[in-house]
file structure27.tsv (TSV, C-alpha atoms and all ligand atoms)
chain	number	residue	atom	x	y	z
A	81	MET	CA	-9.30	-7.00	18.29
A	82	ILE	CA	-12.21	-4.69	17.59
A	83	GLY	CA	-15.18	-6.63	16.29
A	84	LYS	CA	-17.50	-5.91	13.44
A	85	GLU	CA	-20.38	-5.38	15.88
A	86	GLU	CA	-18.57	-2.54	17.66
A	87	ILE	CA	-17.87	-0.72	14.40
A	88	GLY	CA	-21.42	-1.51	13.29
A	89	SER	CA	-22.89	0.20	16.33
A	90	ILE	CA	-20.74	3.30	15.71
A	91	ILE	CA	-21.81	3.45	12.08
A	92	GLU	CA	-25.43	3.07	13.18
A	93	LYS	CA	-25.15	6.32	15.12
A	94	TYR	CA	-23.63	8.17	12.17
A	95	ASP	CA	-25.77	10.64	10.23
A	96	LYS	CA	-25.72	8.91	6.81
A	97	SER	CA	-26.51	12.17	5.04
A	98	LYS	CA	-23.37	13.77	6.50
A	99	ILE	CA	-20.67	11.13	6.09
A	100	SER	CA	-17.13	12.50	5.68
A	101	ILE	CA	-14.18	10.69	4.21
A	102	GLY	CA	-10.99	11.13	6.18
A	103	THR	CA	-7.36	10.13	6.12
A	104	ILE	CA	-3.89	11.09	7.27
A	105	GLY	CA	-2.45	14.01	5.28
A	106	SER	CA	0.24	12.22	3.28
A	107	HIS	CA	0.87	9.40	0.76
A	108	SER	CA	-2.37	9.16	-1.32
A	109	ALA	CA	-4.44	11.68	0.64
A	110	LEU	CA	-4.90	14.09	-2.28
A	111	ASN	CA	-6.12	11.19	-4.41
A	112	ILE	CA	-8.58	10.12	-1.68
A	113	PHE	CA	-9.82	13.67	-0.96
A	114	LYS	CA	-10.34	14.57	-4.60
A	115	GLY	CA	-12.29	11.34	-5.13
A	116	ALA	CA	-14.39	11.97	-2.02
A	117	ARG	CA	-15.23	15.49	-3.15
A	118	GLU	CA	-16.18	14.28	-6.63
A	119	GLU	CA	-18.61	11.81	-5.08
A	120	GLY	CA	-20.12	14.57	-2.94
A	121	PHE	CA	-18.53	13.82	0.45
A	122	LYS	CA	-16.97	16.21	2.94
A	123	THR	CA	-13.32	15.50	3.72
A	124	VAL	CA	-11.35	15.33	6.97
A	125	CYS	CA	-7.57	15.49	7.14
A	126	VAL	CA	-5.50	14.43	10.14
A	127	LEU	CA	-2.54	16.70	9.66
A	128	THR	CA	0.79	17.84	11.05
A	129	LYS	CA	1.72	21.55	10.69
A	130	ASP	CA	4.77	20.84	8.52
A	131	ARG	CA	2.57	19.41	5.74
A	132	GLU	CA	-0.11	22.13	5.89
A	133	ILE	CA	1.03	23.84	2.69
A	134	VAL	CA	-0.05	20.84	0.58
A	135	TYR	CA	-3.69	21.24	1.58
A	136	ARG	CA	-3.59	25.01	1.23
A	137	LYS	CA	-2.26	24.81	-2.32
A	138	PHE	CA	-4.58	21.93	-3.20
A	139	PRO	CA	-7.74	22.94	-1.32
A	140	LEU	CA	-9.58	19.64	-0.99
A	141	VAL	CA	-10.06	19.46	2.77
A	142	ASP	CA	-13.18	20.57	4.68
A	143	GLU	CA	-12.05	19.79	8.22
A	144	THR	CA	-8.52	19.54	9.57
A	145	VAL	CA	-7.63	17.72	12.78
A	146	TYR	CA	-4.14	18.83	13.78
A	147	VAL	CA	-1.77	16.46	15.55
A	148	ASP	CA	1.89	16.78	16.52
A	149	SER	CA	2.57	13.36	15.09
A	150	PHE	CA	0.42	10.96	13.05
A	151	SER	CA	0.61	8.32	15.77
A	152	GLU	CA	-1.78	10.54	17.80
A	153	ILE	CA	-4.60	9.50	15.50
A	154	VAL	CA	-5.41	6.71	17.97
A	155	GLU	CA	-5.75	9.13	20.94
A	156	ASP	CA	-9.25	9.37	22.36
A	157	LYS	CA	-9.75	13.05	21.63
A	158	VAL	CA	-8.78	12.60	17.97
A	159	GLN	CA	-11.04	9.57	17.62
A	160	GLU	CA	-13.89	11.54	19.18
A	161	LYS	CA	-13.46	14.40	16.71
A	162	LEU	CA	-13.45	11.97	13.81
A	163	ARG	CA	-16.62	10.25	14.99
A	164	LYS	CA	-18.33	13.59	15.53
A	165	LEU	CA	-17.66	14.39	11.86
A	166	ASN	CA	-19.20	11.02	10.85
A	167	THR	CA	-15.84	10.04	9.42
A	168	ILE	CA	-15.04	6.90	7.49
A	169	LEU	CA	-11.26	6.66	7.45
A	170	VAL	CA	-9.40	5.39	4.41
A	171	PRO	CA	-6.12	3.78	5.50
A	172	HIS	CA	-2.97	4.11	3.34
A	173	GLY	CA	0.77	3.53	3.58
A	174	SER	CA	1.35	6.26	6.16
A	175	PHE	CA	-0.81	4.31	8.62
A	176	ASN	CA	1.68	1.42	8.43
A	177	ALA	CA	4.62	3.77	8.64
A	178	TYR	CA	3.51	6.03	11.50
A	179	VAL	CA	0.70	4.38	13.50
A	180	SER	CA	0.94	1.35	15.79
A	181	MET	CA	-0.76	-1.59	14.14
A	182	GLU	CA	-1.80	-3.01	17.52
A	183	ALA	CA	-3.47	0.27	18.46
A	184	LEU	CA	-5.28	0.37	15.12
A	185	LEU	CA	-6.54	-3.17	15.56
A	186	ASN	CA	-7.45	-2.98	19.24
A	187	ASP	CA	-8.11	0.60	20.28
A	188	PHE	CA	-9.29	2.49	17.24
A	189	PHE	CA	-13.03	2.99	17.30
A	190	VAL	CA	-13.47	4.86	14.05
A	191	PRO	CA	-14.93	3.02	11.05
A	192	MET	CA	-12.30	2.27	8.41
A	193	PHE	CA	-12.90	1.44	4.78
A	194	GLY	CA	-11.65	-2.11	4.16
A	195	ASN	CA	-11.31	-5.36	6.04
A	196	ARG	CA	-9.27	-5.03	9.26
A	197	ASN	CA	-9.06	-8.83	9.57
A	198	LEU	CA	-6.84	-9.04	6.51
A	199	LEU	CA	-4.19	-6.82	8.09
A	200	ARG	CA	-2.91	-9.81	10.05
A	201	TRP	CA	-2.43	-11.73	6.81
A	202	GLU	CA	-0.73	-8.81	5.19
A	203	ILE	CA	1.78	-7.88	7.89
A	204	ASP	CA	2.92	-11.45	8.63
A	205	ARG	CA	5.30	-12.47	5.83
A	206	GLU	CA	4.57	-16.20	6.21
A	207	MET	CA	0.82	-15.71	6.16
A	208	GLN	CA	1.05	-13.36	3.20
A	209	ARG	CA	3.13	-15.90	1.33
A	210	SER	CA	0.69	-18.73	1.91
A	211	TRP	CA	-2.20	-16.49	0.80
A	212	LEU	CA	-0.46	-15.64	-2.49
A	213	GLN	CA	0.65	-19.23	-3.05
A	214	ARG	CA	-2.88	-20.50	-2.54
A	215	ALA	CA	-3.94	-18.04	-5.22
A	216	GLY	CA	-1.52	-19.78	-7.60
A	217	LEU	CA	0.94	-16.88	-7.95
A	218	THR	CA	4.65	-17.33	-8.65
A	219	LEU	CA	6.76	-16.02	-5.76
A	220	PRO	CA	10.50	-15.40	-5.37
A	221	LYS	CA	12.40	-17.96	-3.32
A	222	ILE	CA	12.95	-17.14	0.38
A	223	TYR	CA	16.21	-17.52	2.34
A	224	ASN	CA	15.74	-18.19	6.04
A	225	SER	CA	19.23	-16.98	6.90
A	226	PRO	CA	22.07	-15.11	5.14
A	227	GLU	CA	24.05	-18.38	5.22
A	228	GLU	CA	21.61	-19.86	2.67
A	229	ILE	CA	22.25	-17.22	-0.01
A	230	ASP	CA	23.30	-19.04	-3.19
A	231	CYS	CA	22.35	-16.53	-5.90
A	232	LEU	CA	21.56	-12.82	-6.02
A	233	ALA	CA	19.28	-11.93	-3.08
A	234	ILE	CA	17.56	-8.76	-1.88
A	235	ALA	CA	17.46	-7.91	1.83
A	236	LYS	CA	14.31	-6.10	2.91
A	237	PHE	CA	13.19	-4.50	6.14
A	238	PRO	CA	9.74	-4.36	7.75
A	239	GLY	CA	7.10	-1.68	7.56
A	240	ALA	CA	6.08	0.35	4.54
A	241	ARG	CA	9.37	2.20	4.39
A	242	GLY	CA	9.33	2.49	0.67
A	243	GLY	CA	12.44	0.45	-0.02
A	244	LYS	CA	14.70	2.39	2.36
A	245	GLY	CA	17.71	0.37	3.47
A	246	TYR	CA	17.24	-2.54	1.03
A	247	PHE	CA	20.43	-4.01	-0.35
A	248	LEU	CA	21.67	-6.85	-2.56
A	249	ALA	CA	24.06	-9.70	-1.78
A	250	ASP	CA	25.08	-12.82	-3.66
A	251	SER	CA	26.77	-14.82	-0.90
A	252	PRO	CA	26.89	-14.99	2.93
A	253	LYS	CA	30.20	-13.12	2.77
A	254	SER	CA	28.96	-10.28	0.59
A	255	PHE	CA	25.86	-10.09	2.81
A	256	ARG	CA	27.97	-9.44	5.91
A	257	LYS	CA	30.05	-6.82	4.11
A	258	LYS	CA	27.00	-4.99	2.74
A	259	ALA	CA	25.08	-5.08	6.02
A	260	LYS	CA	28.05	-3.52	7.80
A	261	GLU	CA	28.32	-0.86	5.11
A	262	MET	CA	24.58	0.00	5.28
A	263	ILE	CA	24.83	0.44	9.06
A	264	ARG	CA	27.94	2.59	8.72
A	265	ARG	CA	26.19	4.82	6.21
A	266	GLY	CA	23.19	5.19	8.53
A	267	HIS	CA	20.70	3.48	6.19
A	268	LEU	CA	20.08	0.72	8.73
A	269	SER	CA	20.42	0.00	12.43
A	270	LYS	CA	21.52	-3.29	13.99
A	271	GLU	CA	17.97	-3.63	15.28
A	272	ASP	CA	16.64	-3.52	11.68
A	273	LEU	CA	18.67	-6.60	10.76
A	274	LYS	CA	16.59	-8.72	13.17
A	275	GLY	CA	13.41	-8.11	11.19
A	276	MET	CA	15.10	-8.67	7.84
A	277	HIS	CA	13.53	-10.60	5.00
A	278	LEU	CA	15.76	-12.23	2.37
A	279	GLN	CA	14.36	-12.96	-1.07
A	280	GLN	CA	15.70	-14.22	-4.37
A	281	TYR	CA	16.40	-11.16	-6.52
A	282	VAL	CA	14.39	-11.59	-9.70
A	283	LEU	CA	15.96	-9.98	-12.74
A	284	GLY	CA	13.29	-8.07	-14.63
A	285	VAL	CA	11.25	-4.89	-14.55
A	286	ASN	CA	8.92	-3.93	-11.72
A	287	ALA	CA	5.21	-3.54	-12.34
A	288	TYR	CA	2.61	-2.74	-9.70
A	289	PHE	CA	-1.02	-3.61	-10.47
A	290	GLN	CA	-3.79	-1.68	-8.77
A	291	TYR	CA	-7.04	-3.58	-8.34
A	292	PHE	CA	-10.32	-2.74	-6.67
A	293	SER	CA	-12.41	-5.50	-5.15
A	294	SER	CA	-16.01	-4.34	-4.96
A	295	VAL	CA	-18.36	-6.04	-2.51
A	296	ILE	CA	-21.25	-4.02	-3.87
A	297	GLU	CA	-20.62	-5.08	-7.49
A	298	ASP	CA	-19.11	-8.45	-6.53
A	299	ASP	CA	-16.25	-7.98	-8.98
A	300	VAL	CA	-12.53	-7.26	-9.11
A	301	GLU	CA	-11.53	-4.34	-11.33
A	302	LEU	CA	-8.09	-3.48	-12.68
A	303	LEU	CA	-7.91	0.31	-12.40
A	304	GLY	CA	-4.31	1.14	-13.08
A	305	MET	CA	-0.64	0.26	-12.92
A	306	ASP	CA	2.68	1.95	-12.28
A	307	LYS	CA	6.35	1.37	-11.92
A	308	ARG	CA	8.54	2.82	-9.22
A	309	TYR	CA	11.01	5.68	-9.42
A	310	GLU	CA	13.64	4.89	-6.84
A	311	SER	CA	16.77	6.62	-5.67
A	312	ASN	CA	19.45	5.65	-6.39
A	313	VAL	CA	18.82	2.37	-8.25
A	314	ASP	CA	17.07	4.13	-11.13
A	315	THR	CA	20.07	6.28	-11.85
A	316	ILE	CA	22.95	3.87	-11.42
A	317	GLY	CA	22.71	2.83	-15.07
A	318	ARG	CA	23.58	6.39	-16.07
A	319	ILE	CA	26.99	6.10	-14.52
A	320	PRO	CA	29.56	4.10	-16.49
A	321	ALA	CA	30.52	0.74	-14.93
A	322	SER	CA	34.11	1.83	-14.37
A	323	GLU	CA	32.98	4.75	-12.18
A	324	GLN	CA	30.51	2.52	-10.37
A	325	LEU	CA	33.35	0.20	-9.43
A	326	GLN	CA	35.57	3.09	-8.43
A	327	LEU	CA	32.89	4.55	-6.15
A	328	ASP	CA	31.96	1.09	-4.83
A	329	LEU	CA	28.33	2.00	-5.56
A	330	ASN	CA	25.47	-0.06	-4.11
A	331	PRO	CA	21.90	0.36	-5.26
A	332	THR	CA	19.39	1.71	-2.75
A	333	TYR	CA	15.62	1.63	-3.27
A	334	THR	CA	14.24	4.77	-1.64
A	335	ILE	CA	10.92	5.54	-3.28
A	336	VAL	CA	10.69	9.05	-4.71
A	337	GLY	CA	7.70	8.75	-7.01
A	338	ASN	CA	5.76	6.59	-9.44
A	339	ILE	CA	5.58	6.34	-13.21
A	340	PRO	CA	2.43	5.31	-15.13
A	341	LEU	CA	2.54	2.06	-17.04
A	342	THR	CA	0.52	0.13	-19.57
A	343	LEU	CA	1.18	-3.52	-20.24
A	344	ARG	CA	1.50	-5.72	-23.31
A	345	GLU	CA	-2.08	-6.82	-23.82
A	346	SER	CA	-0.97	-10.45	-23.97
A	347	LEU	CA	0.04	-10.17	-20.30
A	348	LEU	CA	-3.39	-8.93	-19.24
A	349	PRO	CA	-5.14	-12.34	-19.01
A	350	GLU	CA	-2.67	-13.48	-16.34
A	351	VAL	CA	-2.72	-10.15	-14.50
A	352	LEU	CA	-6.54	-10.11	-14.43
A	353	GLU	CA	-6.70	-13.72	-13.21
A	354	MET	CA	-4.10	-13.02	-10.52
A	355	GLY	CA	-6.35	-10.27	-9.13
A	356	ASP	CA	-9.43	-12.48	-9.21
A	357	ASN	CA	-7.65	-15.40	-7.54
A	358	VAL	CA	-6.08	-13.32	-4.77
A	359	ALA	CA	-9.47	-11.81	-3.96
A	360	LYS	CA	-11.11	-15.24	-4.04
A	361	VAL	CA	-8.62	-16.74	-1.58
A	362	SER	CA	-8.97	-13.67	0.68
A	363	LYS	CA	-12.65	-14.56	1.11
A	364	GLU	CA	-11.66	-17.99	2.39
A	365	ILE	CA	-8.94	-16.84	4.80
A	366	ALA	CA	-10.55	-13.68	6.19
A	367	PRO	CA	-14.22	-13.31	5.23
A	368	PRO	CA	-15.54	-11.28	3.51
A	369	GLY	CA	-12.11	-10.94	1.90
A	370	ILE	CA	-10.56	-7.84	0.40
A	371	VAL	CA	-12.85	-4.85	0.47
A	372	GLY	CA	-11.66	-2.12	-1.88
A	373	PRO	CA	-8.17	-1.45	-3.24
A	374	PHE	CA	-5.24	-3.84	-3.30
A	375	CYS	CA	-1.99	-3.96	-5.20
A	376	LEU	CA	0.15	-6.84	-6.44
A	377	GLU	CA	3.79	-5.87	-6.58
A	378	THR	CA	5.64	-7.83	-9.23
A	379	ILE	CA	8.76	-8.29	-11.27
A	380	ILE	CA	8.31	-9.42	-14.87
A	381	THR	CA	11.24	-11.27	-16.45
A	382	ASP	CA	12.37	-11.38	-20.08
A	383	THR	CA	10.54	-14.70	-20.44
A	384	MET	CA	7.29	-12.99	-19.36
A	385	GLU	CA	7.20	-14.74	-16.01
A	386	ILE	CA	5.42	-12.65	-13.39
A	387	PHE	CA	6.90	-12.96	-9.88
A	388	THR	CA	4.78	-11.41	-7.12
A	389	PHE	CA	6.90	-10.28	-4.21
A	390	GLU	CA	4.27	-8.51	-2.15
A	391	ILE	CA	0.63	-7.55	-1.74
A	392	SER	CA	-0.73	-4.33	-0.23
A	393	ALA	CA	-4.37	-4.69	0.75
A	394	ARG	CA	-5.17	-0.98	0.65
A	395	ILE	CA	-4.69	2.03	-1.61
A	396	VAL	CA	-1.09	2.37	-2.81
A	397	ALA	CA	0.59	5.66	-3.67
A	398	GLY	CA	1.26	4.29	-7.15
A	399	SER	CA	-2.44	4.82	-7.86
A	400	ASN	CA	-1.70	8.57	-7.70
A	401	VAL	CA	-0.50	8.26	-11.30
A	402	GLY	CA	-4.16	7.67	-12.20
A	403	ILE	CA	-5.63	10.77	-10.47
A	404	GLY	CA	-8.11	12.12	-13.01
A	405	THR	CA	-8.00	8.99	-15.08
A	406	SER	CA	-5.78	6.08	-16.04
A	407	PRO	CA	-5.97	4.08	-19.27
A	408	TYR	CA	-7.44	1.03	-17.53
A	409	ALA	CA	-9.96	3.00	-15.44
A	410	TYR	CA	-10.90	4.84	-18.63
A	411	LEU	CA	-11.56	1.57	-20.47
A	412	LYS	CA	-14.14	0.59	-17.87
A	413	TYR	CA	-15.57	3.90	-16.69
A	414	GLY	CA	-14.72	6.57	-19.21
A	415	GLU	CA	-13.28	9.79	-17.84
A	416	GLY	CA	-12.88	10.81	-14.24
A	417	MET	CA	-12.39	7.49	-12.46
A	418	TYR	CA	-9.36	6.71	-10.30
A	419	MET	CA	-8.65	4.88	-7.06
A	420	GLY	CA	-9.59	7.69	-4.65
A	421	ARG	CA	-12.85	8.23	-6.45
A	422	ARG	CA	-13.57	4.51	-6.80
A	423	ILE	CA	-13.32	4.17	-3.00
A	424	ALA	CA	-15.73	7.08	-2.51
A	425	LYS	CA	-18.08	5.63	-5.12
A	426	GLU	CA	-18.16	2.30	-3.27
A	427	ILE	CA	-19.04	4.12	-0.04
A	428	ARG	CA	-21.68	6.13	-1.90
A	429	ASP	CA	-23.19	2.98	-3.49
A	430	ALA	CA	-23.16	1.23	-0.11
A	431	ILE	CA	-25.01	4.15	1.53
A	432	ASN	CA	-27.59	4.21	-1.25
A	433	LYS	CA	-28.20	0.48	-0.87
A	434	ASN	CA	-28.25	0.68	2.91
A	435	GLN	CA	-25.24	-1.65	3.04
A	436	LEU	CA	-22.59	0.56	4.62
A	437	GLU	CA	-21.75	-2.18	7.14
A	438	LYS	CA	-20.44	-4.27	4.23
A	439	VAL	CA	-17.58	-1.89	3.46
A	440	VAL	CA	-16.44	-0.56	6.84
A	441	TYR	CA	-14.66	-2.42	9.62
B	501	LIG	P1	5.41	9.55	3.74
B	501	LIG	O1	4.21	10.12	4.41
B	501	LIG	O2	5.77	10.18	2.46
B	501	LIG	O3	6.57	9.48	4.71
B	501	LIG	O4	5.03	8.05	3.33
B	501	LIG	C1	4.50	7.11	4.21
B	501	LIG	C2	4.92	5.74	3.80
B	501	LIG	O5	4.43	5.40	2.52
B	501	LIG	C3	6.43	5.61	3.73
B	501	LIG	O6	6.76	4.36	4.25
B	501	LIG	C4	6.75	5.70	2.27
B	501	LIG	O7	7.89	4.97	1.96
B	501	LIG	C5	5.51	5.13	1.61
B	501	LIG	N1	5.27	5.87	0.37
B	501	LIG	C6	5.06	7.20	0.26
B	501	LIG	N2	4.91	7.58	-1.01
B	501	LIG	C7	5.03	6.46	-1.73
B	501	LIG	C8	5.00	6.19	-3.13
B	501	LIG	N3	4.81	7.18	-4.01
B	501	LIG	N4	5.11	4.91	-3.53
B	501	LIG	C9	5.31	3.94	-2.64
B	501	LIG	N5	5.39	4.12	-1.32
B	501	LIG	C10	5.26	5.36	-0.85
B	502	LIG	P1	9.25	-2.87	-2.24
B	502	LIG	O1	9.62	-1.89	-1.16
B	502	LIG	O2	9.04	-4.24	-1.68
B	502	LIG	O3	8.11	-2.38	-3.03
B	502	LIG	O4	10.48	-2.99	-3.23
B	502	LIG	C1	11.37	-1.94	-3.51
B	502	LIG	C2	12.16	-2.21	-4.76
B	502	LIG	O5	12.83	-3.46	-4.72
B	502	LIG	C3	11.35	-2.21	-6.04
B	502	LIG	O6	12.07	-1.54	-7.03
B	502	LIG	C4	11.25	-3.62	-6.42
B	502	LIG	O7	11.20	-3.71	-7.82
B	502	LIG	C5	12.54	-4.21	-5.88
B	502	LIG	N1	12.32	-5.59	-5.48
B	502	LIG	C6	11.62	-6.01	-4.42
B	502	LIG	N2	11.64	-7.36	-4.32
B	502	LIG	C7	12.36	-7.81	-5.38
B	502	LIG	C8	12.75	-9.10	-5.84
B	502	LIG	N3	12.41	-10.21	-5.18
B	502	LIG	N4	13.49	-9.17	-6.96
B	502	LIG	C9	13.85	-8.04	-7.62
B	502	LIG	N5	13.55	-6.80	-7.22
B	502	LIG	C10	12.79	-6.67	-6.11
call {"tool": "encode", "arguments": {"input": "structure27.tsv", "output": "structure tokens"}}
result
Amino acid sequence: MIGKEEIGSIIEKYDKSKISIGTIGSHSALNIFKGAREEGFKTVCVLTKDREIVYRKFPLVDETVYVDSFSEIVEDKVQEKLRKLNTILVPHGSFNAYVSMEALLNDFFVPMFGNRNLLRWEIDREMQRSWLQRAGLTLPKIYNSPEEIDCLAIAKFPGARGGKGYFLADSPKSFRKKAKEMIRRGHLSKEDLKGMHLQQYVLGVNAYFQYFSSVIEDDVELLGMDKRYESNVDTIGRIPASEQLQLDLNPTYTIVGNIPLTLRESLLPEVLEMGDNVAKVSKEIAPPGIVGPFCLETIITDTMEIFTFEISARIVAGSNVGIGTSPYAYLKYGEGMYMGRRIAKEIRDAINKNQLEKVVY
């Protein structure tokens, strides 16, 4: 794995007065680019032709590096271009979806905002679970095999695929039936089933909390929250039960967008402490811990219990609901603060304090 010293020596050669902020043109790129611009940085977009229209209609990009597929970001000539532009890359969900994690960890010599060491903890389900448990969070129960299913369970598949292919089952038998059906409908392959993760399905509403852990300020900030808008689970309730049965409808969880959320204020103490504790444990398991954005993905039940089913230790697309401002960012910063800008501000503050090496890895 690429060490801090290697990235440090690349950053040392960068012209600090000409730093650009770059990312892959998708997911939360507009959020990141707008924030970078507002903090006075140039922007670099690694882009495929089919998505060009987005950055023409929303002109926030100074330099475009075209690729045929996002996975080419790790190719030497792309890396070279990025370094030449003094780029600090901000990773987001499309990195997980389209770029090889091994290549990012071992062969990618472009400084990235955030702590690369935490990626290992994030992508390994067991490690992630022990991290969140150490932070005192409540987690859904795990089933090691479909045979163990004894109440409603959700089957999930690896990678940030935005809920594609997930399904529910309440017994080993219904699991086998559903899995077969998902494969037949082309939502899943047999190969996918090998990497499956089975969790207790928690009945409640989903709530995603967006935090920012600042190494410069030594604090964890709550900047926003959202809930998911997923096809088709978010529309099934609009169809009467009799038709649902007739059609043999199964919910699917393909993410289509995000909806802003504010929370009962009485839930805030727990949500704020959860963020602090997760960041604190991250310092113990992978020093210096989380650098920048992270998101706790939760289900809140009717008894106000908060179950955390996942953490993303980077910017999430749900923070796009806060572009411009979100209620929680507003409470701390006033107008014009949001995740993309908060990242750029941290980079700006680090440059001003001559501490850039603290935020890039
Ligand atoms: P895309 O570039 O849209 O294919 O997205 C890259 C990855 O991020 C995919 O795995 C998506 O499922 C996930 N993703 C994209 N947009 C969102 C969103 N608004 N909320 C959650 N996940 C998303
Ligand atoms: P994810 O891709 O992990 O963000 O989850 C996709 C969808 O599944 C979201 O609507 C979540 O609310 C839902 N979900 C994930 N895990 C659970 C769980 N353990 N219990 C209930 N719903 C869940």
call {"tool": "residues_near_point", "arguments": {"input": "structure27.tsv", "point": "(14.4, 8.3, -1.2)", "cutoff": "7 Å", "atoms": "all atoms listed in the file", "output": "mmCIF file with C-alpha atoms, in the frame of the given file"}}
result
data_model
loop_
_atom_site.group_PDB
_atom_site.id
_atom_site.type_symbol
_atom_site.label_atom_id
_atom_site.label_comp_id
_atom_site.auth_asym_id
_atom_site.auth_seq_id
_atom_site.Cartn_x
_atom_site.Cartn_y
_atom_site.Cartn_z
ATOM 1 C CA LYS A 244 14.700 2.390 2.360
ATOM 2 C CA GLU A 310 13.640 4.890 -6.840
ATOM 3 C CA SER A 311 16.770 6.620 -5.670
ATOM 4 C CA THR A 334 14.240 4.770 -1.640
ATOM 5 C CA ILE A 335 10.920 5.540 -3.280
ATOM 6 C CA VAL A 336 10.690 9.050 -4.710
#
call {"tool": "residues_near_ligand", "arguments": {"input": "structure27.tsv", "ligand": "ligand LIG 502 (chain B)", "cutoff": "6 Å", "atoms": "all atoms listed in the file", "output": "list in words"}}
result
Pro220, Gly242, Gly243, Gln279, Gln280, Tyr281, Val282, Leu283, Asn286, Tyr333 and Phe389 of chain A
call {"tool": "atom_distance", "arguments": {"input": "structure27.tsv", "atom1": "CA of Leu165 in chain A", "atom2": "CA of Pro139 in chain A"}}
result
18.6 Å
call {"tool": "closest_residue", "arguments": {"input": "structure27.tsv", "among": "A:Ser180, A:Thr342, A:Asn166, A:Thr332", "to": "Ala235 in chain A", "atoms": "only C-alpha atoms"}}
result
A:Thr332
call {"tool": "residues_near_ligand", "arguments": {"input": "structure27.tsv", "ligand": "ligand LIG 501 (chain B)", "cutoff": "12 Å", "atoms": "only C-alpha atoms and all ligand atoms", "output": "number ranges by chain"}}
result
A: 103-111, 127-128, 130-131, 149-150, 171-179, 237-245, 288, 305-311, 333-340, 375, 377, 392, 394-401
call {"tool": "atom_distance", "arguments": {"input": "structure27.tsv", "atom1": "CA of Ile365 in chain A", "atom2": "CA of Ser293 in chain A"}}
result
15.5 Å
call {"tool": "residues_around", "arguments": {"input": "structure27.tsv", "residues": "Leu248 in chain A", "least_positions_apart": "2", "cutoff": "8 Å", "atoms": "all atoms listed in the file", "output": "PyMOL selection string"}}
result
chain A and resi 232-235+246+250+255+258+281+330-331
call {"tool": "atom_distance", "arguments": {"input": "structure27.tsv", "atom1": "CA of Met81 in chain A", "atom2": "CA of Arg200 in chain A"}}
result
10.8 Å
call {"tool": "axis_aligned_box", "arguments": {"input": "structure27.tsv", "around": "range 401-414 of chain A", "padding_each_side": "6 Å", "output": "JSON"}}
result
{"center_x": -8.0, "center_y": 6.4, "center_z": -15.5, "size_x": 27.1, "size_y": 23.5, "size_z": 22.0}
call {"tool": "closest_residue", "arguments": {"input": "structure27.tsv", "among": "A:Ile229, A:Ile153, A:Ile380, A:Leu302", "to": "Tyr418 in chain A", "atoms": "all atoms listed in the file"}}
result
A:Leu302
call {"tool": "closest_residue", "arguments": {"input": "structure27.tsv", "among": "A:Lys236, A:Arg196, A:Arg214, A:Arg422", "to": "Glu297 in chain A", "atoms": "all atoms listed in the file"}}
result
A:Arg422
call {"tool": "residues_near_point", "arguments": {"input": "structure27.tsv", "point": "(-17.4, 14.7, 4.0)", "cutoff": "9 Å", "atoms": "only C-alpha atoms", "output": "ChimeraX atom specification"}}
result
/A:98-102,116-117,120-124,141-143,165-168
call {"tool": "residues_around", "arguments": {"input": "structure27.tsv", "residues": "Ile427 in chain A", "least_positions_apart": "3", "cutoff": "10 Å", "atoms": "only C-alpha atoms", "output": "number ranges by chain"}}
result
A: 99, 101, 116, 119, 121, 168, 193, 296, 372, 421-424, 430-433, 435-440
call {"tool": "closest_residue", "arguments": {"input": "structure27.tsv", "among": "A:Lys412, A:Lys84, A:Arg205, A:Lys270", "to": "Leu185 in chain A", "atoms": "all atoms listed in the file"}}
result
A:Lys84
call {"tool": "closest_residue", "arguments": {"input": "structure27.tsv", "among": "A:Leu268, A:Ala409, A:Val361, A:Leu325", "to": "Gln213 in chain A", "atoms": "all atoms listed in the file"}}
result
A:Val361
call {"tool": "closest_residue", "arguments": {"input": "structure27.tsv", "among": "A:Leu212, A:Leu278, A:Asp314, A:Val371", "to": "Met354 in chain A", "atoms": "only C-alpha atoms"}}
result
A:Leu212
